[in-house]
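Asker: Sharing my_file25.cif, mmCIF, C-alpha atoms:
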```cif
data_structure
loop_
_atom_site.group_PDB
_atom_site.id
_atom_site.type_symbol
_atom_site.label_atom_id
_atom_site.label_comp_id
_atom_site.auth_asym_id
_atom_site.auth_seq_id
_atom_site.Cartn_x
_atom_site.Cartn_y
_atom_site.Cartn_z
ATOM 1 C CA MET A 1 67.703 42.699 199.898
ATOM 2 C CA ASP A 2 67.041 44.167 203.357
ATOM 3 C CA LYS A 3 64.611 42.498 205.703
ATOM 4 C CA PRO A 4 61.533 44.599 206.465
ATOM 5 C CA SER A 5 61.638 46.204 209.900
ATOM 6 C CA PRO A 6 58.963 45.201 212.373
ATOM 7 C CA SER A 7 56.355 47.788 213.293
ATOM 8 C CA PRO A 8 56.792 49.721 216.545
ATOM 9 C CA GLU A 9 53.920 47.662 217.986
ATOM 10 C CA GLN A 10 55.612 44.373 216.971
ATOM 11 C CA THR A 11 58.929 45.604 218.377
ATOM 12 C CA LYS A 12 57.233 46.401 221.696
ATOM 13 C CA TRP A 13 55.778 42.882 221.885
ATOM 14 C CA ASP A 14 59.029 41.243 220.762
ATOM 15 C CA LYS A 15 60.935 42.963 223.550
ATOM 16 C CA ARG A 16 58.290 41.969 226.100
ATOM 17 C CA TRP A 17 58.551 38.312 225.087
ATOM 18 C CA LEU A 18 62.357 38.520 225.113
ATOM 19 C CA GLY A 19 62.078 39.859 228.659
ATOM 20 C CA LEU A 20 60.015 36.807 229.581
ATOM 21 C CA ALA A 21 62.564 34.500 227.914
ATOM 22 C CA ARG A 22 65.261 36.254 229.944
ATOM 23 C CA TYR A 23 63.318 35.593 233.149
ATOM 24 C CA VAL A 24 62.639 31.955 232.221
ATOM 25 C CA ALA A 25 66.409 31.511 231.659
ATOM 26 C CA THR A 26 66.931 32.158 235.382
ATOM 27 C CA PHE A 27 65.131 28.855 236.116
ATOM 28 C CA SER A 28 68.108 26.956 234.668
ATOM 29 C CA LYS A 29 70.640 25.443 237.057
ATOM 30 C CA ASP A 30 73.410 25.491 234.422
ATOM 31 C CA PRO A 31 76.259 27.473 235.999
ATOM 32 C CA SER A 32 77.765 28.578 232.663
ATOM 33 C CA THR A 33 74.863 29.464 230.356
ATOM 34 C CA GLN A 34 71.273 29.969 231.406
ATOM 35 C CA CYS A 35 68.957 29.876 228.401
ATOM 36 C CA GLY A 36 65.232 30.533 228.153
ATOM 37 C CA ALA A 37 62.651 30.115 225.416
ATOM 38 C CA VAL A 38 59.104 31.334 224.969
ATOM 39 C CA ILE A 39 56.876 30.107 222.148
ATOM 40 C CA VAL A 40 54.115 32.577 221.340
ATOM 41 C CA ARG A 41 51.016 32.043 219.234
ATOM 42 C CA GLN A 42 49.958 34.479 216.512
ATOM 43 C CA ASP A 43 47.300 35.926 218.857
ATOM 44 C CA ARG A 44 50.111 37.003 221.266
ATOM 45 C CA THR A 45 49.414 34.362 223.893
ATOM 46 C CA VAL A 46 52.093 32.158 225.399
ATOM 47 C CA ALA A 47 51.992 28.618 224.053
ATOM 48 C CA SER A 48 54.943 27.311 226.072
ATOM 49 C CA ILE A 49 58.127 28.154 227.936
ATOM 50 C CA GLY A 50 61.340 26.219 228.489
ATOM 51 C CA PHE A 51 64.788 26.524 230.006
ATOM 52 C CA ASN A 52 67.917 24.452 229.595
ATOM 53 C CA GLY A 53 68.258 21.636 232.083
ATOM 54 C CA PHE A 54 68.271 17.922 232.686
ATOM 55 C CA PRO A 55 65.210 15.718 232.072
ATOM 56 C CA ARG A 56 62.596 15.790 234.861
ATOM 57 C CA ALA A 57 63.417 12.331 236.221
ATOM 58 C CA MET A 58 67.175 12.938 236.214
ATOM 59 C CA PRO A 59 68.718 14.347 239.409
ATOM 60 C CA ASP A 60 69.968 17.956 239.180
ATOM 61 C CA GLN A 61 73.402 17.433 240.687
ATOM 62 C CA ASP A 62 76.051 20.146 240.609
ATOM 63 C CA ARG A 63 78.743 17.601 239.793
ATOM 64 C CA HIS A 64 76.971 16.827 236.499
ATOM 65 C CA TYR A 65 76.566 20.506 235.603
ATOM 66 C CA ASN A 66 80.226 21.152 236.379
ATOM 67 C CA ASP A 67 81.462 18.255 234.237
ATOM 68 C CA ARG A 68 81.075 19.667 230.705
ATOM 69 C CA PRO A 69 80.972 16.335 228.770
ATOM 70 C CA GLU A 70 78.518 14.891 231.298
ATOM 71 C CA LYS A 71 76.376 18.044 231.209
ATOM 72 C CA TYR A 72 76.246 18.109 227.401
ATOM 73 C CA SER A 73 75.164 14.464 227.264
ATOM 74 C CA ARG A 74 72.274 15.130 229.683
ATOM 75 C CA ILE A 75 71.042 18.652 229.022
ATOM 76 C CA ILE A 76 67.920 19.510 227.052
ATOM 77 C CA HIS A 77 68.042 22.917 225.380
ATOM 78 C CA CYS A 78 65.428 25.511 226.305
ATOM 79 C CA GLU A 79 63.846 25.450 222.849
ATOM 80 C CA MET A 80 63.352 21.704 222.952
ATOM 81 C CA ASN A 81 61.931 21.859 226.483
ATOM 82 C CA ALA A 82 59.452 24.510 225.322
ATOM 83 C CA LEU A 83 58.508 22.439 222.278
ATOM 84 C CA LEU A 84 58.089 19.254 224.338
ATOM 85 C CA ALA A 85 55.883 21.067 226.875
ATOM 86 C CA MET A 86 53.452 22.413 224.264
ATOM 87 C CA LYS A 87 49.881 21.164 224.445
ATOM 88 C CA ASP A 88 48.922 22.427 220.982
ATOM 89 C CA SER A 89 50.631 22.794 217.620
ATOM 90 C CA PRO A 90 53.580 25.193 217.298
ATOM 91 C CA ASN A 91 52.687 25.716 213.633
ATOM 92 C CA GLY A 92 52.713 29.463 212.909
ATOM 93 C CA CYS A 93 54.238 30.420 216.273
ATOM 94 C CA THR A 94 57.193 32.651 217.117
ATOM 95 C CA LEU A 95 60.167 31.410 219.132
ATOM 96 C CA TYR A 96 61.846 33.879 221.516
ATOM 97 C CA THR A 97 65.196 32.828 222.997
ATOM 98 C CA TRP A 98 67.570 34.286 225.569
ATOM 99 C CA PRO A 99 70.525 35.048 225.655
ATOM 100 C CA PHE A 100 70.985 34.533 221.890
ATOM 101 C CA LEU A 101 69.474 32.817 218.851
ATOM 102 C CA THR A 102 68.846 29.081 218.964
ATOM 103 C CA CYS A 103 71.627 26.672 217.961
ATOM 104 C CA GLU A 104 71.587 24.893 214.614
ATOM 105 C CA ARG A 105 70.391 21.568 216.090
ATOM 106 C CA CYS A 106 67.382 23.170 217.754
ATOM 107 C CA ALA A 107 66.746 25.318 214.668
ATOM 108 C CA VAL A 108 66.044 22.273 212.511
ATOM 109 C CA HIS A 109 63.528 21.000 215.070
ATOM 110 C CA MET A 110 61.816 24.396 215.239
ATOM 111 C CA ILE A 111 61.590 24.497 211.437
ATOM 112 C CA GLN A 112 60.126 20.989 211.371
ATOM 113 C CA ALA A 113 57.598 21.935 214.058
ATOM 114 C CA GLY A 114 56.326 24.918 212.043
ATOM 115 C CA ILE A 115 57.865 27.891 213.853
ATOM 116 C CA ILE A 116 57.694 30.872 211.459
ATOM 117 C CA ARG A 117 59.680 33.523 213.375
ATOM 118 C CA ALA A 118 62.737 33.374 215.638
ATOM 119 C CA VAL A 119 63.573 36.388 217.795
ATOM 120 C CA ALA A 120 66.582 36.864 220.065
ATOM 121 C CA PRO A 121 69.008 39.497 221.332
ATOM 122 C CA LYS A 122 72.112 39.964 219.203
ATOM 123 C CA ALA A 123 74.920 37.776 220.480
ATOM 124 C CA THR A 124 77.782 39.517 222.226
ATOM 125 C CA PRO A 125 81.338 39.196 220.864
ATOM 126 C CA GLU A 126 82.099 36.693 223.644
ATOM 127 C CA GLN A 127 79.054 34.598 222.741
ATOM 128 C CA MET A 128 79.983 34.757 219.044
ATOM 129 C CA GLU A 129 83.454 33.494 219.866
ATOM 130 C CA ARG A 130 82.001 30.458 221.614
ATOM 131 C CA TRP A 131 78.814 29.752 219.614
ATOM 132 C CA GLY A 132 79.211 31.804 216.419
ATOM 133 C CA ASP A 133 79.428 28.842 214.028
ATOM 134 C CA SER A 134 76.262 27.279 215.432
ATOM 135 C CA LEU A 135 74.362 30.588 215.438
ATOM 136 C CA ALA A 136 75.390 31.289 211.832
ATOM 137 C CA LYS A 137 74.203 27.832 210.740
ATOM 138 C CA ALA A 138 70.893 28.348 212.547
ATOM 139 C CA GLU A 139 70.367 31.664 210.771
ATOM 140 C CA ARG A 140 71.202 30.061 207.435
ATOM 141 C CA TYR A 141 68.837 27.128 208.061
ATOM 142 C CA PHE A 142 66.041 29.496 209.064
ATOM 143 C CA ALA A 143 66.612 31.622 205.934
ATOM 144 C CA GLU A 144 66.601 28.537 203.682
ATOM 145 C CA SER A 145 63.300 27.479 205.233
ATOM 146 C CA GLY A 146 61.527 30.838 205.120
ATOM 147 C CA VAL A 147 61.638 31.424 208.885
ATOM 148 C CA THR A 148 61.968 35.121 209.725
ATOM 149 C CA VAL A 149 64.885 35.841 212.072
ATOM 150 C CA LEU A 150 65.029 39.032 214.077
ATOM 151 C CA THR A 151 67.730 40.055 216.515
ATOM 152 C CA TYR A 152 67.561 43.080 218.760
ATOM 153 C CA ASP A 153 70.465 45.200 219.908
ATOM 154 C CA GLU A 154 71.696 46.196 223.355
ATOM 155 C CA ASP A 155 68.334 47.651 224.499
ATOM 156 C CA ALA A 156 66.784 44.166 224.384
ATOM 157 C CA ARG A 157 69.834 42.648 226.066
ATOM 158 C CA LEU A 158 69.435 45.072 228.960
ATOM 159 C CA GLY A 159 65.732 44.349 229.218
ATOM 160 C CA LYS A 160 64.689 47.871 228.141
ATOM 161 C CA VAL A 161 61.264 48.092 226.593
ATOM 162 C CA SER A 162 59.941 51.315 225.109
ATOM 163 C CA GLY A 163 56.414 52.165 224.094
#
```
Starting from the file, lay out its structure as structure tokens.
Answerer:
Amino acid sequence: MDKPSPSPEQTKWDKRWLGLARYVATFSKDPSTQCGAVIVRQDRTVASIGFNGFPRAMPDQDRHYNDRPEKYSRIIHCEMNALLAMKDSPNGCTLYTWPFLTCERCAVHMIQAGIIRAVAPKATPEQMERWGDSLAKAERYFAESGVTVLTYDEDARLGKVSG
């Protein structure tokens, strides 16, 4: 069964929030993948933002970002940073991520927290080659849990917003 398409008004807002997630991703110091997340309440207000990076008290040293095993042991994903920064409940909120859907590990935390929608640009072939298994698991976990997943095509990736 096909998923219902969002209304033109919802699409306009989704692309706006994806644009904000794209901007938030630029805050990351990760030289290989800058990721951003925006958690939005049902009344279309921003509940929280996050980008991938090291914990606040940990020094942001290039040598750690350039050493992949060291980076992976230290880094907090954008979704988790957004969730940890929230001052209220994420129950019923929408998660917007850039440059692609959340990974499977963050997906389970978002489900547990009460996120009901996940919106992202469609992953590129290069991103699918690197993260495809994780993205597929995240989509499956969201579907099993009743979380709506929506991905937008190239227009969203380029930051184009119509309407």
Asker: Which residues, named as in the file, does the PyMOL selection byres ((chain A and resi 139) around 9) pick out? Answer as a ChimeraX atom specification.
Answerer: /A:101-104,107,134-138,140-144,147,149
Asker: Starting from the PyMOL selection byres ((chain A and resi 97) around 7), expand the selection into actual residues of this file and give them as a ChimeraX atom specification.
Answerer: /A:18,21,36-38,95-96,98-102,119-120
Asker: Output C-alpha atoms for every residue in that selection, as a PDB file, in the frame of the given file.
Answerer:
```
ATOM      1  CA  LEU A  18      62.357  38.520 225.113  1.00  0.00           C
ATOM      2  CA  ALA A  21      62.564  34.500 227.914  1.00  0.00           C
ATOM      3  CA  GLY A  36      65.232  30.533 228.153  1.00  0.00           C
ATOM      4  CA  ALA A  37      62.651  30.115 225.416  1.00  0.00           C
ATOM      5  CA  VAL A  38      59.104  31.334 224.969  1.00  0.00           C
ATOM      6  CA  LEU A  95      60.167  31.410 219.132  1.00  0.00           C
ATOM      7  CA  TYR A  96      61.846  33.879 221.516  1.00  0.00           C
ATOM      8  CA  TRP A  98      67.570  34.286 225.569  1.00  0.00           C
ATOM      9  CA  PRO A  99      70.525  35.048 225.655  1.00  0.00           C
ATOM     10  CA  PHE A 100      70.985  34.533 221.890  1.00  0.00           C
ATOM     11  CA  LEU A 101      69.474  32.817 218.851  1.00  0.00           C
ATOM     12  CA  THR A 102      68.846  29.081 218.964  1.00  0.00           C
ATOM     13  CA  VAL A 119      63.573  36.388 217.795  1.00  0.00           C
ATOM     14  CA  ALA A 120      66.582  36.864 220.065  1.00  0.00           C
TER      15      ALA A 120
END
```
Asker: Considering only C-alpha atoms, state which residue in the set A:Ala57, A:Leu150, A:Ala25, A:Ile116 is at the smallest distance from Cys93 in chain A.
Answerer: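 Smallest distance to Cys93 in chain A is found for A:Ile116.
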Asker: Check which residues satisfy the PyMOL selection byres ((chain A and resi 44) around 10) in the file shown, then give them as a list in words.
Answerer: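 So the PyMOL selection byres ((chain A and resi 44) around 10), applied here, picks out Trp13, Asp14, Trp17, Ile39, Val40, Arg41, Gln42, Asp43, Thr45, Val46, Ala47, Cys93 and Thr94 of chain A.
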Asker: From the list A:Ser28, A:Pro121, A:Ile115, A:Ser48, which residue is nearest Arg16 in chain A when using all atoms listed in the file?
Answerer: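 Of A:Ser28, A:Pro121, A:Ile115, A:Ser48, the one nearest Arg16 in chain A is A:Pro121, counting all atoms listed in the file.
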Asker: Measuring between only C-alpha atoms, which one of A:Thr124, A:Ser32, A:Thr26, A:Ser89 shows the shortest distance to Met110 in chain A?
Answerer: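 The shortest atom-to-atom distance to Met110 in chain A comes from A:Ser89.
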